[in-house]
2 protein chains.
Amino acid sequence: MPGAGAGDRVVPVRCHELAPVIGDVAGNLRAVEEAVAGAVAAGRRLLVLPELATSGYHLTPEEAREAALPTGDAAFDRWARLLPEDAVLVVGFAEAGDGVVHNSAAVVTAGGVRAVHRKSHLWDTEKEVFAPGDAAAVVVPTPVGPLGVLVCYELEFPEMPRGLALAGAEIIAVPTNWPAVPTPAGEHPPEVVQAMAAARSSGVAVLCCDRRGEERGERWTRGTSVVGTDGWLRGTTDAEGRLDVDVELRAGRHDLSTRNHVHRDRRPDLYV
Amino acid sequence: MPGAGAGDRVVPVRCHELAPVIGDVAGNLRAVEEAVAGAVAAGRRLLVLPELATSGYHLTPEEAREAALPTGDAAFDRWARLLPEDAVLVVGFAEAGDGVVHNSAAVVTAGGVRAVHRKSHLWDTEKEVFAPGDAAAVVVPTPVGPLGVLVCYELEFPEMPRGLALAGAEIIAVPTNWPAVPTPAGEHPPEVVQAMAAARSSGVAVLCCDRRGEERGERWTRGTSVVGTDGWLRGTTDAEGRLDVDVELRAGRHDLSTRNHVHRDRRPDLYV
């Protein structure tokens, strides 16, 4: 880390694209377990897995209910036991709520489930399957630092990553399932552009984990991305859909110049 | 315009990079006048010129005072007289305020100066030269539709374009002077990434006009960009620094899917 100074930190992260299969929750849970074991063995300290990794995406309401897990499910304990004390897992899952199903993401450490964020902005047919979350995204204290979680489409609302960064998140983990959309030659997928802009404007690292595997005719953007606090992409996803990056959190990352600080330059008095 | 329907509009816009010279206000005003005449002759209906087009950028406080114009200056009237009734000019200028100088942008129509926006977020040494604006950016009704104006660095605060779009702006004009910064190969300048993200997340067109001409050792990004309401770049700047685009404002531009609308999907109850 060139020019590293006091207060600089490095977090070894991994995003790992999985290919969950609708109707095979047990197999999907095993795939998560294998991904956790693999990340730990590779020395990664933060593992981000896709949205709905336990269930698959294009669910009917009935399939969603059948695949939904309560946050007390034993699977979370199995994953927690694989994690060393200084490691963190973020994984998307179909959550069995109070008579409804949420599209949620869990933050898991060796101590168990630390937080669950329910997707509050639902995409397209999700509106017919999931109940939206009704709580603001919160910053979770974790062994890798203050962590924010957004699920997929939520990232496209600039208020969401901005709010997490202003609340102290240093890293934002974003489990996603991004359906492929037309993108001009030479351009990143549109969601990645949002991630880059969010990272730079707030000096926060943004880690997006997409999924793979065709599902009911849907193809995915494969937009898995680790964006540094300077807004630029880091690393390359390997053939197994793993993206390993040592994310730099430099003490001076919020300073754009000697006179400019991305947070202190804000003028909340002028914002609607 | 493929698939054009009721409510669709097209606005012929031009961004025109100028190369103002410090100490030659008269020459800079002539260059603006020539740019206005050229845009009108070419049938453009909205012309965006750079930040501080009348004065140059790297000013000492004394040079800024000498170059500053009141909004009642005769130059604005000369430009207004060149404009047909349905055309709009947005131009950055050093504004003579009440004992201070502002880095401002004027919206000019055939009727004269319709609005002035004073840059509220100042970049680097600007903090020693200009007084920041203390008013929120507002949407200006114009012959080309509801128009928002931001100056340069303001675009990098997601609250700013978002606020204008939510207040009804259909186009956001951004006079800029973007000093060149290191940018990874294959990537757009960081400010252009912000413009693309802002456009897509709010379904608003964003028109950025950078400057050209080395000034006191500073080189510029030359990031002049017209971003469509879908977040993608349009057109190519010609050798004279002119970028002409027919900006499409489709009636359905806020709909990302049959169930998703970039504004109505917001959850203000969850934002900080």
# chains A, B, ... in the order shown; residues from 1 in each chain; ligands from 1
call {"tool": "residues_around", "arguments": {"residues": "Tyr271 (chain B)", "least_positions_apart": "3", "cutoff": "9 Å", "atoms": "only C-alpha atoms", "output": "compact mmCIF listing (two decimals) with N, CA and C atoms, in the first residue's frame"}}
result
# COMPACT_ATOMS: atom_id res chain seq x y z
N ALA A 136 -34.95 1.68 7.87
CA ALA A 136 -33.80 2.27 7.18
C ALA A 136 -32.60 1.33 7.28
N ALA A 137 -31.73 1.40 6.30
CA ALA A 137 -30.47 0.65 6.38
C ALA A 137 -29.65 1.21 7.54
N GLU A 159 -29.77 8.20 -2.22
CA GLU A 159 -29.96 8.46 -0.78
C GLU A 159 -29.47 7.27 0.06
N MET A 160 -29.53 6.07 -0.50
CA MET A 160 -29.24 4.88 0.31
C MET A 160 -27.75 4.75 0.63
N GLY A 163 -26.67 7.79 2.74
CA GLY A 163 -27.10 7.74 4.14
C GLY A 163 -26.21 6.81 4.96
N ARG B 267 -38.20 5.89 -1.18
CA ARG B 267 -38.78 5.70 0.16
C ARG B 267 -38.27 6.80 1.09
N PRO B 268 -38.77 8.02 0.90
CA PRO B 268 -38.24 9.13 1.71
C PRO B 268 -38.37 8.89 3.21
call {"tool": "residues_around", "arguments": {"residues": "region 222-226 of chain B", "least_positions_apart": "3", "cutoff": "7 Å", "atoms": "only C-alpha atoms", "output": "ChimeraX atom specification"}}
result
/B:189,192,206-212,233-234
call {"tool": "write_last_selection", "arguments": {"atoms": "C-alpha atoms", "output": "PDB file, in the first residue's frame"}}
result
ATOM      1  CA  PRO B 189     -13.326  11.107 -15.946  1.00  0.00           C
ATOM      2  CA  VAL B 192     -18.588  12.152 -15.923  1.00  0.00           C
ATOM      3  CA  VAL B 206     -27.330  16.140 -17.595  1.00  0.00           C
ATOM      4  CA  LEU B 207     -25.327  18.486 -19.831  1.00  0.00           C
ATOM      5  CA  CYS B 208     -21.783  19.237 -18.737  1.00  0.00           C
ATOM      6  CA  CYS B 209     -19.723  21.851 -20.566  1.00  0.00           C
ATOM      7  CA  ASP B 210     -16.030  21.816 -19.722  1.00  0.00           C
ATOM      8  CA  ARG B 211     -13.487  24.370 -20.923  1.00  0.00           C
ATOM      9  CA  ARG B 212     -10.366  24.115 -23.068  1.00  0.00           C
ATOM     10  CA  LEU B 233     -23.505   9.421 -23.090  1.00  0.00           C
ATOM     11  CA  ARG B 234     -24.604  10.904 -26.374  1.00  0.00           C
TER      12      ARG B 234
END
call {"tool": "residues_around", "arguments": {"residues": "region 167-181 of chain B", "least_positions_apart": "4", "cutoff": "6 Å", "atoms": "only C-alpha atoms", "output": "MDAnalysis selection string"}}
result
chainID B and resid 49:51 92 139 146:152 204:211 219:221
call {"tool": "write_last_selection", "arguments": {"atoms": "N, CA and C atoms", "output": "short mmCIF file (atom, residue, chain, number, x, y, z; two decimals), in the first residue's frame"}}
result
data_model
loop_
_atom_site.label_atom_id
_atom_site.label_comp_id
_atom_site.auth_asym_id
_atom_site.auth_seq_id
_atom_site.Cartn_x
_atom_site.Cartn_y
_atom_site.Cartn_z
N LEU B 49 -22.42 26.84 -21.80
CA LEU B 49 -21.02 27.27 -21.90
C LEU B 49 -20.32 26.98 -20.58
N PRO B 50 -19.00 27.07 -20.55
CA PRO B 50 -18.27 26.64 -19.35
C PRO B 50 -18.49 27.56 -18.14
N GLU B 51 -18.06 27.04 -17.02
CA GLU B 51 -17.90 27.80 -15.78
C GLU B 51 -16.92 28.96 -16.04
N GLY B 92 -21.41 30.32 -17.40
CA GLY B 92 -20.75 30.60 -16.13
C GLY B 92 -20.02 31.92 -16.18
N VAL B 139 -35.28 25.26 -9.86
CA VAL B 139 -35.68 24.89 -11.21
C VAL B 139 -36.23 26.13 -11.89
N PRO B 146 -38.38 22.81 -17.84
CA PRO B 146 -37.85 23.11 -16.50
C PRO B 146 -36.37 22.75 -16.45
N LEU B 147 -35.56 23.72 -16.10
CA LEU B 147 -34.11 23.59 -16.21
C LEU B 147 -33.46 23.81 -14.84
N GLY B 148 -32.53 22.94 -14.49
CA GLY B 148 -31.73 23.13 -13.29
C GLY B 148 -30.31 23.46 -13.69
N VAL B 149 -29.61 24.19 -12.83
CA VAL B 149 -28.22 24.57 -13.10
C VAL B 149 -27.36 24.23 -11.88
N LEU B 150 -26.27 23.54 -12.13
CA LEU B 150 -25.25 23.31 -11.11
C LEU B 150 -23.92 23.76 -11.69
N VAL B 151 -23.02 24.18 -10.83
CA VAL B 151 -21.70 24.57 -11.32
C VAL B 151 -20.66 23.55 -10.83
N CYS B 152 -20.08 22.85 -11.79
CA CYS B 152 -18.90 22.01 -11.60
C CYS B 152 -19.00 21.08 -10.39
N VAL B 204 -33.12 12.17 -15.58
CA VAL B 204 -32.95 13.57 -15.98
C VAL B 204 -31.75 13.64 -16.93
N ALA B 205 -31.81 14.53 -17.91
CA ALA B 205 -30.66 14.72 -18.79
C ALA B 205 -29.66 15.65 -18.11
N VAL B 206 -28.38 15.33 -18.23
CA VAL B 206 -27.33 16.14 -17.59
C VAL B 206 -26.36 16.58 -18.68
N LEU B 207 -26.16 17.90 -18.77
CA LEU B 207 -25.33 18.49 -19.83
C LEU B 207 -24.15 19.20 -19.18
N CYS B 208 -22.97 18.65 -19.35
CA CYS B 208 -21.78 19.24 -18.74
C CYS B 208 -20.93 19.89 -19.81
N CYS B 209 -20.61 21.17 -19.62
CA CYS B 209 -19.72 21.85 -20.57
C CYS B 209 -18.42 22.24 -19.88
N ASP B 210 -17.37 21.55 -20.25
CA ASP B 210 -16.03 21.82 -19.72
C ASP B 210 -15.39 22.96 -20.53
N ARG B 211 -14.18 23.34 -20.16
CA ARG B 211 -13.49 24.37 -20.92
C ARG B 211 -12.27 23.75 -21.63
N ARG B 219 -4.28 21.83 -17.04
CA ARG B 219 -4.95 21.19 -18.17
C ARG B 219 -6.31 20.72 -17.70
N TRP B 220 -7.21 20.52 -18.65
CA TRP B 220 -8.60 20.21 -18.31
C TRP B 220 -8.97 18.83 -18.79
N THR B 221 -9.94 18.25 -18.09
CA THR B 221 -10.39 16.90 -18.42
C THR B 221 -10.98 16.83 -19.83
#
call {"tool": "residues_around", "arguments": {"residues": "region 11-14 of chain A", "least_positions_apart": "6", "cutoff": "6 Å", "atoms": "only C-alpha atoms", "output": "PyMOL selection string"}}
result
chain A and resi 44-47+243-247
call {"tool": "residues_around", "arguments": {"residues": "Ala31 (chain A)", "least_positions_apart": "4", "cutoff": "12 Å", "atoms": "only C-alpha atoms", "output": "number ranges by chain"}}
result
A: 16-21, 24-27, 35-38, 49-50, 53-55, 75, 79, 91
call {"tool": "atom_distance", "arguments": {"atom1": "CA of Glu215 (chain A)", "atom2": "CA of Val40 (chain A)"}}
result
28.4 Å
call {"tool": "residues_around", "arguments": {"residues": "Gly23 (chain B)", "least_positions_apart": "3", "cutoff": "12 Å", "atoms": "only C-alpha atoms", "output": "JSON, numbers by chain"}}
result
{"B": [20, 26, 27, 28, 29, 54, 55, 56, 57, 58, 59, 60, 62, 63, 64, 65, 66, 67, 68, 215]}
call {"tool": "write_last_selection", "arguments": {"atoms": "N, CA, C and O atoms", "output": "PDB file, in the first residue's frame"}}
result
ATOM      1  N   PRO B  20     -11.404  30.871 -22.167  1.00  0.00           N
ATOM      2  CA  PRO B  20     -11.292  32.262 -21.715  1.00  0.00           C
ATOM      3  C   PRO B  20      -9.866  32.583 -21.293  1.00  0.00           C
ATOM      4  O   PRO B  20      -9.111  31.721 -20.860  1.00  0.00           O
ATOM      5  N   ALA B  26     -13.107  41.557 -22.170  1.00  0.00           N
ATOM      6  CA  ALA B  26     -13.784  41.963 -23.420  1.00  0.00           C
ATOM      7  C   ALA B  26     -13.686  40.847 -24.459  1.00  0.00           C
ATOM      8  O   ALA B  26     -14.668  40.519 -25.142  1.00  0.00           O
ATOM      9  N   GLY B  27     -12.510  40.260 -24.566  1.00  0.00           N
ATOM     10  CA  GLY B  27     -12.343  39.165 -25.524  1.00  0.00           C
ATOM     11  C   GLY B  27     -13.185  37.949 -25.128  1.00  0.00           C
ATOM     12  O   GLY B  27     -13.771  37.274 -25.988  1.00  0.00           O
ATOM     13  N   ASN B  28     -13.250  37.676 -23.835  1.00  0.00           N
ATOM     14  CA  ASN B  28     -14.055  36.538 -23.379  1.00  0.00           C
ATOM     15  C   ASN B  28     -15.540  36.762 -23.668  1.00  0.00           C
ATOM     16  O   ASN B  28     -16.257  35.826 -24.059  1.00  0.00           O
ATOM     17  N   LEU B  29     -15.997  38.001 -23.472  1.00  0.00           N
ATOM     18  CA  LEU B  29     -17.405  38.295 -23.751  1.00  0.00           C
ATOM     19  C   LEU B  29     -17.702  38.149 -25.240  1.00  0.00           C
ATOM     20  O   LEU B  29     -18.767  37.643 -25.620  1.00  0.00           O
ATOM     21  N   THR B  54     -16.434  34.044 -18.656  1.00  0.00           N
ATOM     22  CA  THR B  54     -16.141  35.462 -18.881  1.00  0.00           C
ATOM     23  C   THR B  54     -14.811  35.910 -18.277  1.00  0.00           C
ATOM     24  O   THR B  54     -14.329  37.003 -18.586  1.00  0.00           O
ATOM     25  N   SER B  55     -14.239  35.083 -17.430  1.00  0.00           N
ATOM     26  CA  SER B  55     -13.099  35.542 -16.625  1.00  0.00           C
ATOM     27  C   SER B  55     -11.879  34.630 -16.655  1.00  0.00           C
ATOM     28  O   SER B  55     -10.776  35.061 -16.346  1.00  0.00           O
ATOM     29  N   GLY B  56     -12.057  33.351 -16.990  1.00  0.00           N
ATOM     30  CA  GLY B  56     -11.009  32.367 -16.740  1.00  0.00           C
ATOM     31  C   GLY B  56     -11.106  31.875 -15.313  1.00  0.00           C
ATOM     32  O   GLY B  56     -11.865  32.430 -14.488  1.00  0.00           O
ATOM     33  N   TYR B  57     -10.310  30.836 -14.998  1.00  0.00           N
ATOM     34  CA  TYR B  57     -10.520  30.087 -13.753  1.00  0.00           C
ATOM     35  C   TYR B  57      -9.537  30.418 -12.634  1.00  0.00           C
ATOM     36  O   TYR B  57      -9.929  30.748 -11.524  1.00  0.00           O
ATOM     37  N   HIS B  58      -8.247  30.292 -12.924  1.00  0.00           N
ATOM     38  CA  HIS B  58      -7.252  30.393 -11.843  1.00  0.00           C
ATOM     39  C   HIS B  58      -6.939  31.853 -11.525  1.00  0.00           C
ATOM     40  O   HIS B  58      -5.835  32.339 -11.744  1.00  0.00           O
ATOM     41  N   LEU B  59      -7.941  32.514 -10.978  1.00  0.00           N
ATOM     42  CA  LEU B  59      -7.855  33.937 -10.711  1.00  0.00           C
ATOM     43  C   LEU B  59      -7.297  34.202  -9.317  1.00  0.00           C
ATOM     44  O   LEU B  59      -7.563  33.444  -8.388  1.00  0.00           O
ATOM     45  N   THR B  60      -6.551  35.294  -9.206  1.00  0.00           N
ATOM     46  CA  THR B  60      -6.281  35.808  -7.861  1.00  0.00           C
ATOM     47  C   THR B  60      -7.557  36.528  -7.400  1.00  0.00           C
ATOM     48  O   THR B  60      -8.409  36.895  -8.232  1.00  0.00           O
ATOM     49  N   GLU B  62      -7.838  39.532  -6.575  1.00  0.00           N
ATOM     50  CA  GLU B  62      -7.908  40.831  -7.243  1.00  0.00           C
ATOM     51  C   GLU B  62      -8.370  40.683  -8.697  1.00  0.00           C
ATOM     52  O   GLU B  62      -9.206  41.448  -9.189  1.00  0.00           O
ATOM     53  N   GLU B  63      -7.832  39.687  -9.384  1.00  0.00           N
ATOM     54  CA  GLU B  63      -8.266  39.466 -10.772  1.00  0.00           C
ATOM     55  C   GLU B  63      -9.752  39.123 -10.837  1.00  0.00           C
ATOM     56  O   GLU B  63     -10.451  39.514 -11.784  1.00  0.00           O
ATOM     57  N   ALA B  64     -10.224  38.386  -9.842  1.00  0.00           N
ATOM     58  CA  ALA B  64     -11.648  38.030  -9.831  1.00  0.00           C
ATOM     59  C   ALA B  64     -12.504  39.283  -9.685  1.00  0.00           C
ATOM     60  O   ALA B  64     -13.512  39.452 -10.384  1.00  0.00           O
ATOM     61  N   ARG B  65     -12.091  40.190  -8.775  1.00  0.00           N
ATOM     62  CA  ARG B  65     -12.852  41.438  -8.592  1.00  0.00           C
ATOM     63  C   ARG B  65     -12.859  42.267  -9.876  1.00  0.00           C
ATOM     64  O   ARG B  65     -13.874  42.860 -10.252  1.00  0.00           O
ATOM     65  N   GLU B  66     -11.702  42.288 -10.538  1.00  0.00           N
ATOM     66  CA  GLU B  66     -11.622  43.101 -11.769  1.00  0.00           C
ATOM     67  C   GLU B  66     -12.469  42.524 -12.889  1.00  0.00           C
ATOM     68  O   GLU B  66     -13.019  43.257 -13.715  1.00  0.00           O
ATOM     69  N   ALA B  67     -12.583  41.201 -12.920  1.00  0.00           N
ATOM     70  CA  ALA B  67     -13.327  40.558 -14.011  1.00  0.00           C
ATOM     71  C   ALA B  67     -14.815  40.430 -13.723  1.00  0.00           C
ATOM     72  O   ALA B  67     -15.604  40.163 -14.627  1.00  0.00           O
ATOM     73  N   ALA B  68     -15.189  40.606 -12.451  1.00  0.00           N
ATOM     74  CA  ALA B  68     -16.577  40.304 -12.063  1.00  0.00           C
ATOM     75  C   ALA B  68     -17.584  41.240 -12.730  1.00  0.00           C
ATOM     76  O   ALA B  68     -17.336  42.442 -12.864  1.00  0.00           O
ATOM     77  N   GLU B 215      -4.269  26.964 -18.961  1.00  0.00           N
ATOM     78  CA  GLU B 215      -4.303  28.229 -18.227  1.00  0.00           C
ATOM     79  C   GLU B 215      -3.419  28.115 -16.988  1.00  0.00           C
ATOM     80  O   GLU B 215      -3.717  27.354 -16.081  1.00  0.00           O
TER      81      GLU B 215
END
call {"tool": "interface_residues", "arguments": {"of": "chain B", "to": "chain A", "cutoff": "9 Å", "atoms": "only C-alpha atoms", "output": "CSV table (one decimal) with N, CA and C atoms, in the first residue's frame"}}
result
chain,number,residue,atom,x,y,z
B,120,SER,N,-22.4,26.9,-4.7
B,120,SER,CA,-22.5,26.8,-3.2
B,120,SER,C,-21.4,25.8,-2.7
B,121,HIS,N,-20.8,25.0,-3.5
B,121,HIS,CA,-19.8,24.1,-3.1
B,121,HIS,C,-18.6,24.4,-3.8
B,122,LEU,N,-17.6,25.0,-3.2
B,122,LEU,CA,-16.4,25.5,-3.9
B,122,LEU,C,-15.3,24.5,-3.9
B,123,TRP,N,-14.5,24.5,-5.0
B,123,TRP,CA,-13.4,23.6,-5.1
B,123,TRP,C,-12.1,24.3,-4.8
B,124,ASP,N,-11.4,23.7,-3.9
B,124,ASP,CA,-10.0,24.0,-3.7
B,124,ASP,C,-9.7,25.5,-3.5
B,125,THR,N,-8.8,26.1,-4.3
B,125,THR,CA,-8.5,27.5,-4.2
B,125,THR,C,-9.6,28.5,-4.4
B,127,LYS,N,-12.0,28.6,-2.8
B,127,LYS,CA,-12.5,29.1,-1.4
B,127,LYS,C,-11.8,30.3,-1.0
B,134,ASP,N,-25.5,30.9,-1.1
B,134,ASP,CA,-26.2,30.5,0.1
B,134,ASP,C,-27.6,30.2,-0.2
B,135,ALA,N,-27.9,29.9,-1.5
B,135,ALA,CA,-29.3,29.6,-1.9
B,135,ALA,C,-29.3,28.2,-2.5
B,136,ALA,N,-30.3,27.5,-2.3
B,136,ALA,CA,-30.5,26.2,-3.0
B,136,ALA,C,-30.6,26.4,-4.5
B,137,ALA,N,-30.2,25.4,-5.2
B,137,ALA,CA,-30.4,25.4,-6.7
B,137,ALA,C,-31.9,25.3,-6.9
B,156,GLU,N,-21.0,16.7,-7.9
B,156,GLU,CA,-20.5,15.5,-7.2
B,156,GLU,C,-21.1,15.3,-5.9
B,157,PHE,N,-22.1,16.1,-5.5
B,157,PHE,CA,-22.9,15.9,-4.3
B,157,PHE,C,-24.2,15.4,-4.8
B,158,PRO,N,-24.5,14.1,-4.6
B,158,PRO,CA,-25.7,13.5,-5.2
B,158,PRO,C,-27.0,14.2,-4.8
B,159,GLU,N,-26.9,14.9,-3.6
B,159,GLU,CA,-28.1,15.6,-3.2
B,159,GLU,C,-28.5,16.7,-4.2
B,160,MET,N,-27.5,17.2,-4.9
B,160,MET,CA,-27.8,18.4,-5.7
B,160,MET,C,-28.6,18.1,-7.0
B,162,ARG,N,-30.1,15.3,-7.5
B,162,ARG,CA,-31.4,14.7,-7.1
B,162,ARG,C,-32.4,15.7,-6.7
B,163,GLY,N,-32.0,16.7,-6.0
B,163,GLY,CA,-33.0,17.7,-5.5
B,163,GLY,C,-33.6,18.4,-6.7
B,164,LEU,N,-32.8,18.8,-7.7
B,164,LEU,CA,-33.3,19.5,-8.9
B,164,LEU,C,-34.3,18.6,-9.6
B,166,LEU,N,-36.1,16.1,-8.5
B,166,LEU,CA,-37.3,15.9,-7.7
B,166,LEU,C,-38.1,17.2,-7.7
B,167,ALA,N,-37.5,18.3,-7.9
B,167,ALA,CA,-38.2,19.6,-8.0
B,167,ALA,C,-38.7,19.8,-9.4
B,183,THR,N,-7.0,9.1,-14.3
B,183,THR,CA,-8.2,8.3,-14.6
B,183,THR,C,-7.7,7.0,-15.2
B,184,PRO,N,-8.2,5.8,-14.6
B,184,PRO,CA,-7.7,4.5,-15.2
B,184,PRO,C,-8.1,4.4,-16.7
B,186,GLY,N,-9.5,3.4,-20.0
B,186,GLY,CA,-10.9,2.9,-20.4
B,186,GLY,C,-12.0,3.5,-19.6
B,187,GLU,N,-11.7,4.3,-18.6
B,187,GLU,CA,-12.7,4.9,-17.8
B,187,GLU,C,-13.0,6.4,-18.2
B,190,PRO,N,-13.9,11.0,-13.6
B,190,PRO,CA,-14.8,10.7,-12.4
B,190,PRO,C,-16.0,11.6,-12.4
B,191,GLU,N,-15.9,12.8,-12.9
B,191,GLU,CA,-17.0,13.7,-12.8
B,191,GLU,C,-18.1,13.3,-13.8
B,193,VAL,N,-18.6,10.1,-14.6
B,193,VAL,CA,-19.3,9.0,-13.9
B,193,VAL,C,-20.4,9.5,-13.0
B,194,GLN,N,-20.1,10.6,-12.3
B,194,GLN,CA,-21.2,11.2,-11.4
B,194,GLN,C,-22.3,11.7,-12.3
B,195,ALA,N,-22.0,12.3,-13.4
B,195,ALA,CA,-23.1,12.8,-14.3
B,195,ALA,C,-24.0,11.7,-14.8
B,196,MET,N,-23.3,10.6,-15.2
B,196,MET,CA,-24.1,9.4,-15.7
B,196,MET,C,-25.0,8.8,-14.6
B,197,ALA,N,-24.4,8.7,-13.4
B,197,ALA,CA,-25.2,8.1,-12.3
B,197,ALA,C,-26.4,9.0,-11.9
B,198,ALA,N,-26.1,10.3,-11.9
B,198,ALA,CA,-27.2,11.3,-11.6
B,198,ALA,C,-28.3,11.2,-12.6
B,200,ARG,N,-29.2,8.8,-14.7
B,200,ARG,CA,-30.0,7.5,-14.6
B,200,ARG,C,-30.8,7.4,-13.4
B,201,SER,N,-30.3,7.8,-12.3
B,201,SER,CA,-31.0,7.5,-11.0
B,201,SER,C,-32.3,8.4,-10.9
B,202,SER,N,-32.3,9.5,-11.7
B,202,SER,CA,-33.4,10.4,-11.6
B,202,SER,C,-34.1,10.6,-12.9
B,231,GLY,N,-29.0,7.6,-18.7
B,231,GLY,CA,-27.7,7.5,-18.1
B,231,GLY,C,-26.5,7.3,-19.0
B,232,TRP,N,-26.8,7.2,-20.3
B,232,TRP,CA,-25.7,7.0,-21.3
B,232,TRP,C,-25.3,8.2,-22.0
B,256,LEU,N,-38.4,2.4,-15.2
B,256,LEU,CA,-37.4,1.5,-15.5
B,256,LEU,C,-37.9,0.1,-15.8
B,257,SER,N,-39.1,-0.2,-15.4
B,257,SER,CA,-39.9,-1.4,-15.8
B,257,SER,C,-41.3,-1.1,-15.7
B,258,THR,N,-42.2,-2.0,-16.0
B,258,THR,CA,-43.6,-1.7,-15.9
B,258,THR,C,-44.0,-1.5,-14.4
B,259,ARG,N,-43.2,-1.9,-13.5
B,259,ARG,CA,-43.5,-1.8,-12.1
B,259,ARG,C,-42.5,-0.8,-11.3
B,260,ASN,N,-41.6,-0.2,-12.1
B,260,ASN,CA,-40.6,0.6,-11.4
B,260,ASN,C,-40.5,2.0,-12.0
B,262,VAL,N,-38.5,5.7,-11.3
B,262,VAL,CA,-37.3,6.1,-10.5
B,262,VAL,C,-37.7,7.1,-9.4
B,265,ASP,N,-40.6,5.1,-6.8
B,265,ASP,CA,-40.0,4.0,-6.0
B,265,ASP,C,-39.2,4.5,-4.8
B,266,ARG,N,-39.0,5.8,-4.7
B,266,ARG,CA,-38.2,6.3,-3.6
B,266,ARG,C,-39.0,6.0,-2.3
B,267,ARG,N,-38.2,5.9,-1.2
B,267,ARG,CA,-38.8,5.7,0.2
B,267,ARG,C,-38.3,6.8,1.1
B,268,PRO,N,-38.8,8.0,0.9
B,268,PRO,CA,-38.2,9.1,1.7
B,268,PRO,C,-38.4,8.9,3.2
B,269,ASP,N,-39.3,8.0,3.6
B,269,ASP,CA,-39.5,7.7,5.0
B,269,ASP,C,-38.3,7.0,5.6
B,270,LEU,N,-37.4,6.4,4.7
B,270,LEU,CA,-36.3,5.7,5.1
B,270,LEU,C,-35.0,6.4,5.0
B,271,TYR,N,-35.1,7.6,4.4
B,271,TYR,CA,-33.8,8.4,4.1
B,271,TYR,C,-33.5,9.3,5.3
B,272,VAL,N,-32.2,9.5,5.6
B,272,VAL,CA,-31.8,10.3,6.7
B,272,VAL,C,-31.8,11.8,6.2
call {"tool": "residues_around", "arguments": {"residues": "region 105-109 of chain B", "least_positions_apart": "2", "cutoff": "8 Å", "atoms": "only C-alpha atoms", "output": "VMD selection string"}}
result
chain B and resid 51 to 52 76 79 to 80 83 to 93 103 111 to 119 142 149 to 151 175
call {"tool": "select_by_dssp", "arguments": {"residues": "region 45-236 of chain B", "states": "strand (DSSP E)", "output": "count of residues only"}}
result
46
call {"tool": "select_by_dssp", "arguments": {"residues": "region 68-215 of chain A", "states": "alpha helix (DSSP H)", "output": "NGL selection string"}}
result
:A and (74-82 or 159-166 or 190-202)
call {"tool": "atom_distance", "arguments": {"atom1": "CA of Gly7 (chain A)", "atom2": "CA of Leu82 (chain A)"}}
result
29.2 Å
